[in-house]
Amino acid sequence: MNLNQLEYFRTLAHEEHYTRAAQMLSITQPSLSHAIAQLEQELGTRLFEKKGRNIVLTRYGKIFLPYVEDALKILDDGVQRTRELNGSKEGMINLAYIYTMGSDLAPRMVRKFIDTFPDYKIDFHFTVGTTGEILDGLKSDQYDIVFSSFQDGEPDIDFKKIGRQKLVVAVPQDHPLAIKDSVDLRDTIEYPQIYFSKGSGLRPVVDSMFEKIDQFPKVAFEMEEDSSMAGLVAQGFGIAVMPDIPILRALGLKTLDIYNPFYERSVYIATLKKHYLSPVAKAFIQFVCEETK
């Protein structure tokens, strides 16, 4: 049994068609058929059976497939890590970020890094979520790097400040508050509001701002992410206390500074302490920190 046979078996199992699988593997169909026949002979069982013009896994093939996939993944990971440890400029970065960074900071930093270092060959994988969700993913090794809010009670996470986000009140252009450029948060109480849901990292921040004025808004809708909030505001469903992000201007909304109580949120790049980071991930972190000084 060799590595090629396992790779051929996996591809054929997914394609369920000898001709397509052979084309994907850049080999002839007879070569593929011979390799599978040898593998079946070594295992002492049939792995595939005909079904119309296609082929499907037998019961034994279905049992064997997950073991093959796990073995090939472990080998691929080993090759990747070895190349990384050798100082390679190739690799993969799993980057997760909160919704408020999805329209500007995260894509801007990645684009700038790629343009600045064209000799790096990096496959970026992107995930967006709430602060709690992506920090949980960081701790479970789903992500290498996270852009998020700071969260207390996380001693195993290293947070480095990379910027600030000002909170504003977003209103439609024809709203009564649109004649103002800045507001006391008390001015917003009489109007329905689009509010962050409890899973959002900004929910406790906005809650605390209203607590400081001893009042709480009339919540029309609760949303998890900013672009959906902005869309509801643009359609007149309410106003919103939210970060000053580019989509607000794209939707033609008026943004009002909040002078009481004033709040400006810091945002961070987060990684796990005492955890392996590839050379390309370290290079990206250093780049982001230097760019946001």
# chains A, B, ... in the order shown; residues from 1 in each chain; ligands from 1

call {"tool": "closest_atom_pairs", "arguments": {"of": "region 72-106 of chain A", "to": "region 202-219 of chain A", "cutoff": "12 Å", "atoms": "only C-alpha atoms", "output": "CSV"}}
result
residue,atom,partner,partner_atom,distance
A:Ile98,CA,A:Leu202,CA,10.2
A:Tyr99,CA,A:Leu202,CA,10.6
A:Thr100,CA,A:Leu202,CA,9.8

call {"tool": "select_by_dssp", "arguments": {"residues": "region 126-213 of chain A", "states": "helix (DSSP H, G or I)", "output": "VMD selection string"}}
result
chain A and resid 131 to 139 176 to 179 185 to 188 203 to 212

call {"tool": "select_by_dssp", "arguments": {"residues": "region 138-170 of chain A", "states": "strand (DSSP E)", "output": "PyMOL selection string"}}
result
chain A and resi 145-148+157-170

call {"tool": "residues_around", "arguments": {"residues": "Met109 (chain A)", "least_positions_apart": "5", "cutoff": "9 Å", "atoms": "only C-alpha atoms", "output": "list in words"}}
result
Asp104, Ile114, Phe284, Phe287, Val288 and Glu291 of chain A

call {"tool": "closest_residue", "arguments": {"among": "A:Phe147, A:Leu248, A:Leu277, A:Glu7", "to": "Cys289 (chain A)", "atoms": "only C-alpha atoms"}}
result
A:Phe147

call {"tool": "closest_atom_pairs", "arguments": {"of": "region 114-176 of chain A", "to": "region 182-185 of chain A", "cutoff": "12 Å", "atoms": "only C-alpha atoms", "output": "tab-separated table"}}
result
residue	atom	partner	partner_atom	distance
A:Leu167	CA	A:Leu185	CA	11.3
A:Val168	CA	A:Ser182	CA	8.7
A:Val169	CA	A:Val183	CA	8.1
A:Ala170	CA	A:Ser182	CA	10.8
A:Val171	CA	A:Val183	CA	11.6
A:Pro176	CA	A:Val183	CA	11.9

call {"tool": "write_last_selection", "arguments": {"atoms": "N, CA and C atoms", "output": "compact mmCIF listing (two decimals), in the first residue's frame"}}
result
# COMPACT_ATOMS: atom_id res chain seq x y z
N LEU A 167 -18.04 55.01 18.69
CA LEU A 167 -19.47 54.70 18.56
C LEU A 167 -20.24 55.96 18.23
N VAL A 168 -21.20 55.82 17.33
CA VAL A 168 -22.03 56.94 16.90
C VAL A 168 -23.49 56.51 16.92
N VAL A 169 -24.37 57.47 16.74
CA VAL A 169 -25.78 57.16 16.52
C VAL A 169 -26.05 57.27 15.02
N ALA A 170 -26.51 56.20 14.42
CA ALA A 170 -26.83 56.18 12.99
C ALA A 170 -28.33 56.41 12.82
N VAL A 171 -28.68 57.37 11.96
CA VAL A 171 -30.09 57.69 11.73
C VAL A 171 -30.31 57.91 10.23
N PRO A 176 -35.81 63.03 12.62
CA PRO A 176 -35.75 64.30 13.37
C PRO A 176 -34.37 64.60 13.95

call {"tool": "residues_around", "arguments": {"residues": "Gln193 (chain A)", "least_positions_apart": "6", "cutoff": "9 Å", "atoms": "only C-alpha atoms", "output": "VMD selection string"}}
result
chain A and resid 217 to 222 233 237 to 241

call {"tool": "residues_around", "arguments": {"residues": "Glu154 (chain A)", "least_positions_apart": "6", "cutoff": "10 Å", "atoms": "only C-alpha atoms", "output": "ChimeraX atom specification"}}
result
/A:135,139,272

call {"tool": "closest_atom_pairs", "arguments": {"of": "region 59-155 of chain A", "to": "region 34-50 of chain A", "cutoff": "8 Å", "atoms": "only C-alpha atoms", "output": "Markdown table"}}
result
| residue | atom | partner | partner_atom | distance |
| --- | --- | --- | --- | --- |
| A:Arg59 | CA | A:Leu47 | CA | 7.7 |
| A:Tyr60 | CA | A:Leu47 | CA | 5.9 |
| A:Gly61 | CA | A:Leu47 | CA | 4.2 |
| A:Lys62 | CA | A:Leu47 | CA | 7.9 |

call {"tool": "write_last_selection", "arguments": {"atoms": "all heavy atoms", "output": "tab-separated table (two decimals), in the first residue's frame"}}
result
chain	number	residue	atom	x	y	z
A	59	ARG	N	-19.72	-1.20	1.54
A	59	ARG	CA	-19.75	-1.00	3.00
A	59	ARG	C	-18.33	-0.92	3.56
A	59	ARG	O	-18.05	-0.11	4.44
A	59	ARG	CB	-20.51	-2.16	3.66
A	59	ARG	CG	-20.62	-2.04	5.17
A	59	ARG	CD	-21.69	-2.98	5.69
A	59	ARG	NE	-21.36	-4.37	5.46
A	59	ARG	CZ	-20.72	-5.13	6.35
A	59	ARG	NH1	-20.34	-4.62	7.51
A	59	ARG	NH2	-20.47	-6.40	6.10
A	60	TYR	N	-17.43	-1.74	3.01
A	60	TYR	CA	-16.05	-1.73	3.50
A	60	TYR	C	-15.31	-0.47	3.05
A	60	TYR	O	-14.46	0.06	3.76
A	60	TYR	CB	-15.33	-2.99	3.02
A	60	TYR	CG	-16.00	-4.25	3.51
A	60	TYR	CD1	-16.76	-5.04	2.64
A	60	TYR	CD2	-15.89	-4.64	4.85
A	60	TYR	CE1	-17.39	-6.19	3.11
A	60	TYR	CE2	-16.53	-5.78	5.31
A	60	TYR	CZ	-17.27	-6.56	4.43
A	60	TYR	OH	-17.90	-7.69	4.89
A	61	GLY	N	-15.66	0.01	1.85
A	61	GLY	CA	-15.05	1.26	1.37
A	61	GLY	C	-15.45	2.43	2.24
A	61	GLY	O	-14.63	3.32	2.52
A	62	LYS	N	-16.71	2.44	2.68
A	62	LYS	CA	-17.18	3.52	3.56
A	62	LYS	C	-16.46	3.48	4.91
A	62	LYS	O	-16.21	4.53	5.52
A	62	LYS	CB	-18.69	3.41	3.76
A	62	LYS	CG	-19.50	3.73	2.51
A	62	LYS	CD	-20.99	3.52	2.75
A	62	LYS	CE	-21.80	3.81	1.49
A	62	LYS	NZ	-23.24	3.54	1.69

call {"tool": "closest_residue", "arguments": {"among": "A:Thr58, A:Arg53, A:Gln151, A:Thr11", "to": "Ser26 (chain A)", "atoms": "only C-alpha atoms"}}
result
A:Thr11

call {"tool": "closest_residue", "arguments": {"among": "A:Ile194, A:Ile162, A:Leu6, A:Ile157", "to": "Leu32 (chain A)", "atoms": "only C-alpha atoms"}}
result
A:Leu6

call {"tool": "residues_around", "arguments": {"residues": "Pro172 (chain A)", "least_positions_apart": "4", "cutoff": "8 Å", "atoms": "only C-alpha atoms", "output": "ChimeraX atom specification"}}
result
/A:178,233-236,239,252-254

call {"tool": "residues_around", "arguments": {"residues": "region 262-267 of chain A", "least_positions_apart": "3", "cutoff": "6 Å", "atoms": "only C-alpha atoms", "output": "PDB file with N, CA and C atoms, in the first residue's frame"}}
result
ATOM      1  N   SER A 148     -10.456  41.302  17.408  1.00  0.00           N
ATOM      2  CA  SER A 148     -11.641  41.297  18.274  1.00  0.00           C
ATOM      3  C   SER A 148     -11.584  42.423  19.295  1.00  0.00           C
ATOM      4  N   SER A 149     -12.623  42.483  20.115  1.00  0.00           N
ATOM      5  CA  SER A 149     -12.602  43.316  21.310  1.00  0.00           C
ATOM      6  C   SER A 149     -11.768  42.602  22.373  1.00  0.00           C
ATOM      7  N   LYS A 161      -3.309  45.883  21.219  1.00  0.00           N
ATOM      8  CA  LYS A 161      -4.201  46.914  20.697  1.00  0.00           C
ATOM      9  C   LYS A 161      -3.747  47.350  19.304  1.00  0.00           C
ATOM     10  N   ILE A 162      -4.690  47.390  18.354  1.00  0.00           N
ATOM     11  CA  ILE A 162      -4.344  47.794  16.994  1.00  0.00           C
ATOM     12  C   ILE A 162      -5.208  48.942  16.482  1.00  0.00           C
ATOM     13  N   GLY A 163      -6.097  49.463  17.309  1.00  0.00           N
ATOM     14  CA  GLY A 163      -6.897  50.585  16.838  1.00  0.00           C
ATOM     15  C   GLY A 163      -8.056  50.907  17.761  1.00  0.00           C
ATOM     16  N   ARG A 164      -8.816  51.907  17.348  1.00  0.00           N
ATOM     17  CA  ARG A 164      -9.989  52.326  18.111  1.00  0.00           C
ATOM     18  C   ARG A 164     -11.184  52.468  17.174  1.00  0.00           C
ATOM     19  N   GLN A 165     -12.348  52.257  17.711  1.00  0.00           N
ATOM     20  CA  GLN A 165     -13.583  52.453  16.970  1.00  0.00           C
ATOM     21  C   GLN A 165     -14.502  53.352  17.786  1.00  0.00           C
ATOM     22  N   LYS A 166     -14.901  54.445  17.157  1.00  0.00           N
ATOM     23  CA  LYS A 166     -15.810  55.372  17.829  1.00  0.00           C
ATOM     24  C   LYS A 166     -17.244  54.895  17.637  1.00  0.00           C
ATOM     25  N   ILE A 258     -21.579  61.089  19.759  1.00  0.00           N
ATOM     26  CA  ILE A 258     -22.199  61.013  21.091  1.00  0.00           C
ATOM     27  C   ILE A 258     -21.285  61.738  22.070  1.00  0.00           C
ATOM     28  N   TYR A 259     -21.751  62.872  22.593  1.00  0.00           N
ATOM     29  CA  TYR A 259     -20.893  63.614  23.523  1.00  0.00           C
ATOM     30  C   TYR A 259     -21.175  63.261  24.975  1.00  0.00           C
TER      31      TYR A 259
END

call {"tool": "closest_residue", "arguments": {"among": "A:Thr188, A:Gln142, A:Met101, A:His125", "to": "Asn260 (chain A)", "atoms": "only C-alpha atoms"}}
result
A:Thr188

call {"tool": "closest_residue", "arguments": {"among": "A:Arg20, A:Tyr268, A:Leu25, A:Asp144", "to": "Lys293 (chain A)", "atoms": "only C-alpha atoms"}}
result
A:Tyr268

call {"tool": "closest_residue", "arguments": {"among": "A:Leu12, A:Leu75, A:Met92, A:Ile245", "to": "Gln29 (chain A)", "atoms": "only C-alpha atoms"}}
result
A:Leu12

call {"tool": "decode", "arguments": {"residues": "region 40-53 of chain A", "atoms": "all heavy atoms", "output": "PDB file, in the first residue's frame"}}
result
ATOM      1  N   GLU A  40      -7.371  -3.067  -3.343  1.00  0.00           N
ATOM      2  CA  GLU A  40      -8.412  -4.007  -2.935  1.00  0.00           C
ATOM      3  C   GLU A  40      -7.824  -5.394  -2.671  1.00  0.00           C
ATOM      4  O   GLU A  40      -8.225  -6.078  -1.722  1.00  0.00           O
ATOM      5  CB  GLU A  40      -9.495  -4.080  -4.007  1.00  0.00           C
ATOM      6  CG  GLU A  40     -10.337  -2.815  -4.103  1.00  0.00           C
ATOM      7  CD  GLU A  40     -11.381  -2.881  -5.197  1.00  0.00           C
ATOM      8  OE1 GLU A  40     -11.121  -3.563  -6.217  1.00  0.00           O
ATOM      9  OE2 GLU A  40     -12.455  -2.260  -5.052  1.00  0.00           O
ATOM     10  N   GLN A  41      -6.844  -5.776  -3.488  1.00  0.00           N
ATOM     11  CA  GLN A  41      -6.209  -7.082  -3.299  1.00  0.00           C
ATOM     12  C   GLN A  41      -5.464  -7.128  -1.977  1.00  0.00           C
ATOM     13  O   GLN A  41      -5.526  -8.129  -1.249  1.00  0.00           O
ATOM     14  CB  GLN A  41      -5.249  -7.363  -4.461  1.00  0.00           C
ATOM     15  CG  GLN A  41      -4.611  -8.740  -4.400  1.00  0.00           C
ATOM     16  CD  GLN A  41      -3.728  -9.016  -5.609  1.00  0.00           C
ATOM     17  OE1 GLN A  41      -3.608  -8.192  -6.503  1.00  0.00           O
ATOM     18  NE2 GLN A  41      -3.113 -10.188  -5.634  1.00  0.00           N
ATOM     19  N   GLU A  42      -4.787  -6.028  -1.643  1.00  0.00           N
ATOM     20  CA  GLU A  42      -4.032  -5.993  -0.385  1.00  0.00           C
ATOM     21  C   GLU A  42      -4.969  -6.013   0.822  1.00  0.00           C
ATOM     22  O   GLU A  42      -4.674  -6.628   1.854  1.00  0.00           O
ATOM     23  CB  GLU A  42      -3.142  -4.754  -0.347  1.00  0.00           C
ATOM     24  CG  GLU A  42      -2.236  -4.697   0.872  1.00  0.00           C
ATOM     25  CD  GLU A  42      -1.170  -3.620   0.768  1.00  0.00           C
ATOM     26  OE1 GLU A  42      -0.979  -3.066  -0.323  1.00  0.00           O
ATOM     27  OE2 GLU A  42      -0.536  -3.338   1.801  1.00  0.00           O
ATOM     28  N   LEU A  43      -6.109  -5.339   0.704  1.00  0.00           N
ATOM     29  CA  LEU A  43      -7.071  -5.302   1.808  1.00  0.00           C
ATOM     30  C   LEU A  43      -7.946  -6.558   1.853  1.00  0.00           C
ATOM     31  O   LEU A  43      -8.602  -6.821   2.858  1.00  0.00           O
ATOM     32  CB  LEU A  43      -7.963  -4.065   1.680  1.00  0.00           C
ATOM     33  CG  LEU A  43      -7.280  -2.709   1.903  1.00  0.00           C
ATOM     34  CD1 LEU A  43      -8.213  -1.571   1.531  1.00  0.00           C
ATOM     35  CD2 LEU A  43      -6.836  -2.564   3.361  1.00  0.00           C
ATOM     36  N   GLY A  44      -7.982  -7.292   0.765  1.00  0.00           N
ATOM     37  CA  GLY A  44      -8.783  -8.507   0.723  1.00  0.00           C
ATOM     38  C   GLY A  44     -10.265  -8.263   0.651  1.00  0.00           C
ATOM     39  O   GLY A  44     -11.068  -9.088   1.117  1.00  0.00           O
ATOM     40  N   THR A  45     -10.671  -7.130   0.050  1.00  0.00           N
ATOM     41  CA  THR A  45     -12.099  -6.829  -0.053  1.00  0.00           C
ATOM     42  C   THR A  45     -12.335  -5.845  -1.181  1.00  0.00           C
ATOM     43  O   THR A  45     -11.416  -5.132  -1.616  1.00  0.00           O
ATOM     44  CB  THR A  45     -12.643  -6.232   1.265  1.00  0.00           C
ATOM     45  OG1 THR A  45     -14.060  -6.115   1.178  1.00  0.00           O
ATOM     46  CG2 THR A  45     -12.049  -4.854   1.543  1.00  0.00           C
ATOM     47  N   ARG A  46     -13.570  -5.774  -1.661  1.00  0.00           N
ATOM     48  CA  ARG A  46     -13.943  -4.794  -2.674  1.00  0.00           C
ATOM     49  C   ARG A  46     -14.245  -3.465  -1.995  1.00  0.00           C
ATOM     50  O   ARG A  46     -14.974  -3.405  -1.004  1.00  0.00           O
ATOM     51  CB  ARG A  46     -15.179  -5.269  -3.448  1.00  0.00           C
ATOM     52  CG  ARG A  46     -14.946  -6.508  -4.307  1.00  0.00           C
ATOM     53  CD  ARG A  46     -14.049  -6.205  -5.501  1.00  0.00           C
ATOM     54  NE  ARG A  46     -14.622  -5.179  -6.375  1.00  0.00           N
ATOM     55  CZ  ARG A  46     -15.494  -5.433  -7.343  1.00  0.00           C
ATOM     56  NH1 ARG A  46     -15.931  -6.673  -7.545  1.00  0.00           N
ATOM     57  NH2 ARG A  46     -15.952  -4.452  -8.102  1.00  0.00           N
ATOM     58  N   LEU A  47     -13.705  -2.382  -2.562  1.00  0.00           N
ATOM     59  CA  LEU A  47     -13.948  -1.044  -2.015  1.00  0.00           C
ATOM     60  C   LEU A  47     -15.022  -0.297  -2.802  1.00  0.00           C
ATOM     61  O   LEU A  47     -15.643   0.625  -2.284  1.00  0.00           O
ATOM     62  CB  LEU A  47     -12.648  -0.227  -2.031  1.00  0.00           C
ATOM     63  CG  LEU A  47     -11.514  -0.782  -1.164  1.00  0.00           C
ATOM     64  CD1 LEU A  47     -10.230   0.003  -1.410  1.00  0.00           C
ATOM     65  CD2 LEU A  47     -11.883  -0.749   0.312  1.00  0.00           C
ATOM     66  N   PHE A  48     -15.219  -0.678  -4.066  1.00  0.00           N
ATOM     67  CA  PHE A  48     -16.197  -0.016  -4.920  1.00  0.00           C
ATOM     68  C   PHE A  48     -17.084  -1.051  -5.611  1.00  0.00           C
ATOM     69  O   PHE A  48     -16.678  -2.199  -5.818  1.00  0.00           O
ATOM     70  CB  PHE A  48     -15.499   0.831  -6.001  1.00  0.00           C
ATOM     71  CG  PHE A  48     -14.694   1.976  -5.450  1.00  0.00           C
ATOM     72  CD1 PHE A  48     -13.324   1.835  -5.235  1.00  0.00           C
ATOM     73  CD2 PHE A  48     -15.291   3.189  -5.153  1.00  0.00           C
ATOM     74  CE1 PHE A  48     -12.575   2.880  -4.729  1.00  0.00           C
ATOM     75  CE2 PHE A  48     -14.552   4.246  -4.659  1.00  0.00           C
ATOM     76  CZ  PHE A  48     -13.191   4.088  -4.436  1.00  0.00           C
ATOM     77  N   GLU A  49     -18.281  -0.616  -5.983  1.00  0.00           N
ATOM     78  CA  GLU A  49     -19.176  -1.445  -6.772  1.00  0.00           C
ATOM     79  C   GLU A  49     -19.905  -0.555  -7.766  1.00  0.00           C
ATOM     80  O   GLU A  49     -20.055   0.659  -7.542  1.00  0.00           O
ATOM     81  CB  GLU A  49     -20.173  -2.186  -5.886  1.00  0.00           C
ATOM     82  CG  GLU A  49     -21.036  -1.281  -5.033  1.00  0.00           C
ATOM     83  CD  GLU A  49     -21.870  -2.069  -4.024  1.00  0.00           C
ATOM     84  OE1 GLU A  49     -21.790  -3.303  -4.030  1.00  0.00           O
ATOM     85  OE2 GLU A  49     -22.596  -1.426  -3.233  1.00  0.00           O
ATOM     86  N   LYS A  50     -20.337  -1.117  -8.894  1.00  0.00           N
ATOM     87  CA  LYS A  50     -21.000  -0.335  -9.922  1.00  0.00           C
ATOM     88  C   LYS A  50     -22.422   0.045  -9.509  1.00  0.00           C
ATOM     89  O   LYS A  50     -23.127  -0.720  -8.862  1.00  0.00           O
ATOM     90  CB  LYS A  50     -21.038  -1.119 -11.238  1.00  0.00           C
ATOM     91  CG  LYS A  50     -19.701  -1.184 -11.951  1.00  0.00           C
ATOM     92  CD  LYS A  50     -19.865  -1.781 -13.343  1.00  0.00           C
ATOM     93  CE  LYS A  50     -18.553  -1.747 -14.103  1.00  0.00           C
ATOM     94  NZ  LYS A  50     -18.695  -2.269 -15.483  1.00  0.00           N
ATOM     95  N   LYS A  51     -22.811   1.250  -9.930  1.00  0.00           N
ATOM     96  CA  LYS A  51     -24.189   1.702  -9.745  1.00  0.00           C
ATOM     97  C   LYS A  51     -24.549   2.516 -10.981  1.00  0.00           C
ATOM     98  O   LYS A  51     -24.206   3.701 -11.077  1.00  0.00           O
ATOM     99  CB  LYS A  51     -24.331   2.547  -8.480  1.00  0.00           C
ATOM    100  CG  LYS A  51     -25.779   2.930  -8.186  1.00  0.00           C
ATOM    101  CD  LYS A  51     -25.896   3.700  -6.886  1.00  0.00           C
ATOM    102  CE  LYS A  51     -27.337   4.034  -6.576  1.00  0.00           C
ATOM    103  NZ  LYS A  51     -27.467   4.821  -5.326  1.00  0.00           N
ATOM    104  N   GLY A  52     -25.207   1.885 -11.939  1.00  0.00           N
ATOM    105  CA  GLY A  52     -25.468   2.528 -13.220  1.00  0.00           C
ATOM    106  C   GLY A  52     -24.157   2.770 -13.943  1.00  0.00           C
ATOM    107  O   GLY A  52     -23.331   1.874 -14.078  1.00  0.00           O
ATOM    108  N   ARG A  53     -23.955   4.008 -14.389  1.00  0.00           N
ATOM    109  CA  ARG A  53     -22.716   4.364 -15.071  1.00  0.00           C
ATOM    110  C   ARG A  53     -21.624   4.786 -14.088  1.00  0.00           C
ATOM    111  O   ARG A  53     -20.467   4.966 -14.480  1.00  0.00           O
ATOM    112  CB  ARG A  53     -22.973   5.502 -16.059  1.00  0.00           C
ATOM    113  CG  ARG A  53     -23.875   5.105 -17.223  1.00  0.00           C
ATOM    114  CD  ARG A  53     -23.973   6.236 -18.220  1.00  0.00           C
ATOM    115  NE  ARG A  53     -24.794   5.855 -19.383  1.00  0.00           N
ATOM    116  CZ  ARG A  53     -25.011   6.658 -20.409  1.00  0.00           C
ATOM    117  NH1 ARG A  53     -24.485   7.873 -20.432  1.00  0.00           N
ATOM    118  NH2 ARG A  53     -25.755   6.234 -21.424  1.00  0.00           N
TER     119      ARG A  53
END
